[in-house]
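Peer 1: Provided herewith is a single structure, encoded as structure tokens, for subsequent inquiry.
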Amino acid sequence: MAEPVRITGHTMVEIEVIVVTLERHGCSGRAEAAGVYYRGDRAASMAAQIERSRAMIEGGVDHESLRGLMSPGGARNAIDCALWDLEARLHGRAVWQLAGLDRPRPLLTTFTCGAGDPRDMAASARRYGEARAIKLKLTGEPVDAERVLAVREARPDVWLGVDANQGFTRTSLECLLPVLHQAQVALIEQPFPVGAEAWLDDFHAPIPIAADESAQCLEDLSALAGRFDVVNIKLDKCGGLTEALAMARSAREHGLDPMVGNMMGTSLAMAPAFLVGQLCKVVDLDGPVFLKSDRSVTVEYRDGMVTCPDALWGGAAAV
């Protein structure tokens with residue numbers, strides 16, 4: 001990574017990824033996964049999980065049988081997305097067509113400021129000169145109020161969200177709410193620890209609350225209803241594009257707005273998530289911004305928007 005990124009309980013200094021390539025009838029599909037660090041995913045463990053399922057995968061697995069073969073996580077994400085890419089190339093079509101989506105459009109994405117000194121976070125926000133949406137990492141510390149106000153002063157023009165990564169208590173969030181309201185914060189992401197979702201049952205915040213760590217896969221959605229307003233869908237958490245699309249399509253049935261995020265990674269990891277973003281209200285696909293280097297073909301950031309070129313991933317370029 002170009003520089004460390006601090007969140008509650010963790011500082012990211014490097015990102016391990018795996019890249020999977022599937023081949024059939026002279027065509028190949030590929031995909032990347034970083035996994036979920038707080039669930040123990042590492043490149044070696046994801047590779048080992050794939051090796052244990054190699055025979056079944058090479059025997060001709062499809063998306064539905066893959067969901068039964070491998071548990072949600074980075075390993076299944078890599079296989080599932082590579083399979084989408086392969087199938088699209090075999091059929092001479094684009095993945096978005098096979099998935100029943102409209103032609104992808106550029107998406108407004110958030111850009112993230114890691115937790116730190118308020119002045120440093122304000123400077124980071126200013127460096128995102130073209131950004132129209134910024135997300136702040138908060139930690140539940142008293143300095144959070146200064147962080148929010150400093151960034152809002154630096155960037156009065158942007159949509160602003162905050163992400164606690166489970167770092168708040170009820171008391172710390174209640175104390176911070178007036179500042180969040182003053183700063184016109186539009187979203188509070190994962191305020192409380194996993195397992196403490198019931199704290200939201202009688203917690204009435206004037207700002208929408210998103211589930212991230214509390215929402216891993218499709219079967220989690222029903223438990224979020226009535227407590228959260230938004231669900232952050234990440235392919236590394238849920239295990240691939242297949243499950244992510246199902247989550248995005250099911251979220252509103254549970255009274256939730258879908259959001260798409262990422263666990264860091266190169267542009268290759270953002271490409272499938274970009275398709276999920278076509279169904280989402282909030283998009284957070286800035287992972288490559290934090291890297292020292294990226295793929296030769298990359299997602300494009302311009303005027304606060306993200307676009308995924310056909311040449312990066314997603315089967316044949318659609319006519």
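By convention in this document, the chains of the structure tokens carry letters A, B, ... by their order, each chain's residues are numbered from 1, and ligands are numbered from 1 in the order they are shown.
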Check which residues of region 219-268 of chain A sit at most 8 Å from region 60-79 of chain A using only C-alpha atoms, and return one row each with the closest pair of atoms and their distance in Å to one decimal, ordered by chain and rising number, as a tab-separated table.

Peer 2:
```
residue	atom	partner	partner_atom	distance
A:Leu235	CA	A:Asn77	CA	6.1
A:Asp236	CA	A:Gly74	CA	4.6
A:Lys237	CA	A:Gly73	CA	5.0
A:Cys238	CA	A:Pro72	CA	5.0
A:Gly239	CA	A:Asn77	CA	4.1
A:Gly240	CA	A:Asn77	CA	3.7
A:Leu241	CA	A:Asn77	CA	7.1
A:Thr242	CA	A:His63	CA	6.9
```

Peer 1: Grab the residues selected above and save them as a compact mmCIF listing (two decimals), in the first residue's frame with N, CA and C atoms.

Peer 2:
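Output file selection.txt is given in full below:
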```
# COMPACT_ATOMS: atom_id res chain seq x y z
N LEU A 235 -17.98 -8.55 -2.03
CA LEU A 235 -17.84 -9.86 -2.65
C LEU A 235 -16.94 -10.79 -1.86
N ASP A 236 -15.92 -10.24 -1.21
CA ASP A 236 -15.04 -11.08 -0.40
C ASP A 236 -15.76 -11.63 0.82
N LYS A 237 -16.73 -10.91 1.34
CA LYS A 237 -17.50 -11.41 2.47
C LYS A 237 -18.48 -12.49 2.04
N CYS A 238 -19.27 -12.19 1.03
CA CYS A 238 -20.38 -13.09 0.69
C CYS A 238 -19.98 -14.23 -0.23
N GLY A 239 -18.82 -14.12 -0.87
CA GLY A 239 -18.33 -15.24 -1.67
C GLY A 239 -18.57 -15.13 -3.16
N GLY A 240 -18.66 -13.92 -3.68
CA GLY A 240 -18.69 -13.79 -5.13
C GLY A 240 -19.82 -12.96 -5.68
N LEU A 241 -19.77 -12.76 -6.99
CA LEU A 241 -20.76 -11.95 -7.69
C LEU A 241 -22.15 -12.56 -7.61
N THR A 242 -22.24 -13.88 -7.68
CA THR A 242 -23.55 -14.54 -7.64
C THR A 242 -24.31 -14.17 -6.37
```

Peer 1: Write out as a ChimeraX atom specification which residues come within 6 Å of Thr112 (chain A) when counting only C-alpha atoms, dropping same-chain ones fewer than 3 positions away.

Peer 2: /A:134-136

Peer 1: Write a file of the selected residues as an mmCIF file, in the first residue's frame, keeping N, CA and C atoms.

Peer 2:
```
data_model
loop_
_atom_site.group_PDB
_atom_site.id
_atom_site.type_symbol
_atom_site.label_atom_id
_atom_site.label_comp_id
_atom_site.auth_asym_id
_atom_site.auth_seq_id
_atom_site.Cartn_x
_atom_site.Cartn_y
_atom_site.Cartn_z
ATOM 1 N N ILE A 134 -17.131 11.373 0.417
ATOM 2 C CA ILE A 134 -15.988 10.974 1.245
ATOM 3 C C ILE A 134 -16.503 10.209 2.459
ATOM 4 N N LYS A 135 -15.777 9.146 2.803
ATOM 5 C CA LYS A 135 -16.102 8.349 3.989
ATOM 6 C C LYS A 135 -14.954 8.443 4.977
ATOM 7 N N LEU A 136 -15.280 8.726 6.224
ATOM 8 C CA LEU A 136 -14.272 8.860 7.274
ATOM 9 C C LEU A 136 -14.258 7.620 8.151
#
```

Peer 1: Extract the full set of strand (DSSP E) residues from region 34-158 of chain A according to DSSP on the backbone, and format it as a list of chain:residue names.

Peer 2: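 Matching residues, listed in order: A:Leu107, A:Leu108, A:Phe111, A:Thr112, A:Cys113, A:Ala133, A:Ile134, A:Lys135, A:Leu136, A:Lys137.
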
Peer 1: Residues near Leu221 (chain A), anyone? I mean within 9 Å using only C-alpha atoms, not counting same-chain ones fewer than 3 positions away, as a PyMOL selection string.

Peer 2: chain A and resi 215-218+224-225+231+247+250-251+254+256

Peer 1: Of the candidates A:Ala183, A:Val143, A:Ala94, A:Ala31, which shows the shortest atom-to-atom distance to Ala271 (chain A), using only C-alpha atoms?

Peer 2: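 Closest candidate: A:Ala31.
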
Peer 1: So, counting only C-alpha atoms, which residue among A:Met263, A:Glu197, A:Arg295, A:Cys308 is closest to Lys234 (chain A)?

Peer 2: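 The shortest atom-to-atom distance to Lys234 (chain A) comes from A:Met263.
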
Peer 1: Report the distance between CA of Gly116 (chain A) and CA of Phe228 (chain A) in Å, rounded to one decimal place.

Peer 2: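 Atom-to-atom, CA of Gly116 (chain A) to CA of Phe228 (chain A), that is 26.9 Å.
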
Peer 1: As number ranges by chain, list the residues of region 51-294 of chain A assigned to alpha helix (DSSP H) by DSSP on the backbone atoms of this structure.

Peer 2: A: 51-52, 54-58, 63-69, 74-90, 95-98, 118-127, 144-154, 170-182, 221-224, 235-238, 241-251, 267-277

Peer 1: Using only C-alpha atoms, can you tell me which of A:Leu285, A:Ala269, A:Leu149, A:Ala154 comes closest to Val19 (chain A)?

Peer 2: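 Smallest separation from Val19 (chain A) among the options: A:Ala269.
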
Peer 1: Have a look at CA of Asp212 (chain A) and CA of Leu312 (chain A) and let me know their distance in Å, one decimal.

Peer 2: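 About the pair CA of Asp212 (chain A) and CA of Leu312 (chain A): they are 27.0 Å apart.
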
Peer 1: Using only C-alpha atoms, which residue out of A:Gly35, A:Gly277, A:Gly315, A:Pro309 lies closest to Asp102 (chain A)?

Peer 2: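 Looking at the shortest contact to Asp102 (chain A), the residue is A:Gly277.
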
Peer 1: Enter the distance from CA of Leu107 (chain A) to CA of Arg6 (chain A), in Å, rounded to one decimal.

Peer 2: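 Distance between the two atoms: 25.7 Å.
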
Peer 1: Quick one: of A:Gly314, A:Gly167, A:Gly29, A:Gly287, who's nearest to Leu98 (chain A), counting only C-alpha atoms?

Peer 2: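 Using only C-alpha atoms, the shortest distance to Leu98 (chain A) belongs to A:Gly314.
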
Peer 1: For Ala205 (chain A), list every protein, DNA or RNA residue within 10 Å, evaluated using only C-alpha atoms, and leave out those in the same chain fewer than 5 positions away; present the list as a ChimeraX atom specification.

Peer 2: /A:173-174,177,181,188,200

Peer 1: Identify which of the residues A:Val17, A:Val36, A:Leu22, A:Val158 lies closest to Ser267 (chain A), counting only C-alpha atoms when measuring atom-to-atom distances.

Peer 2: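 Among the listed residues, the smallest separation from Ser267 (chain A) belongs to A:Val17.
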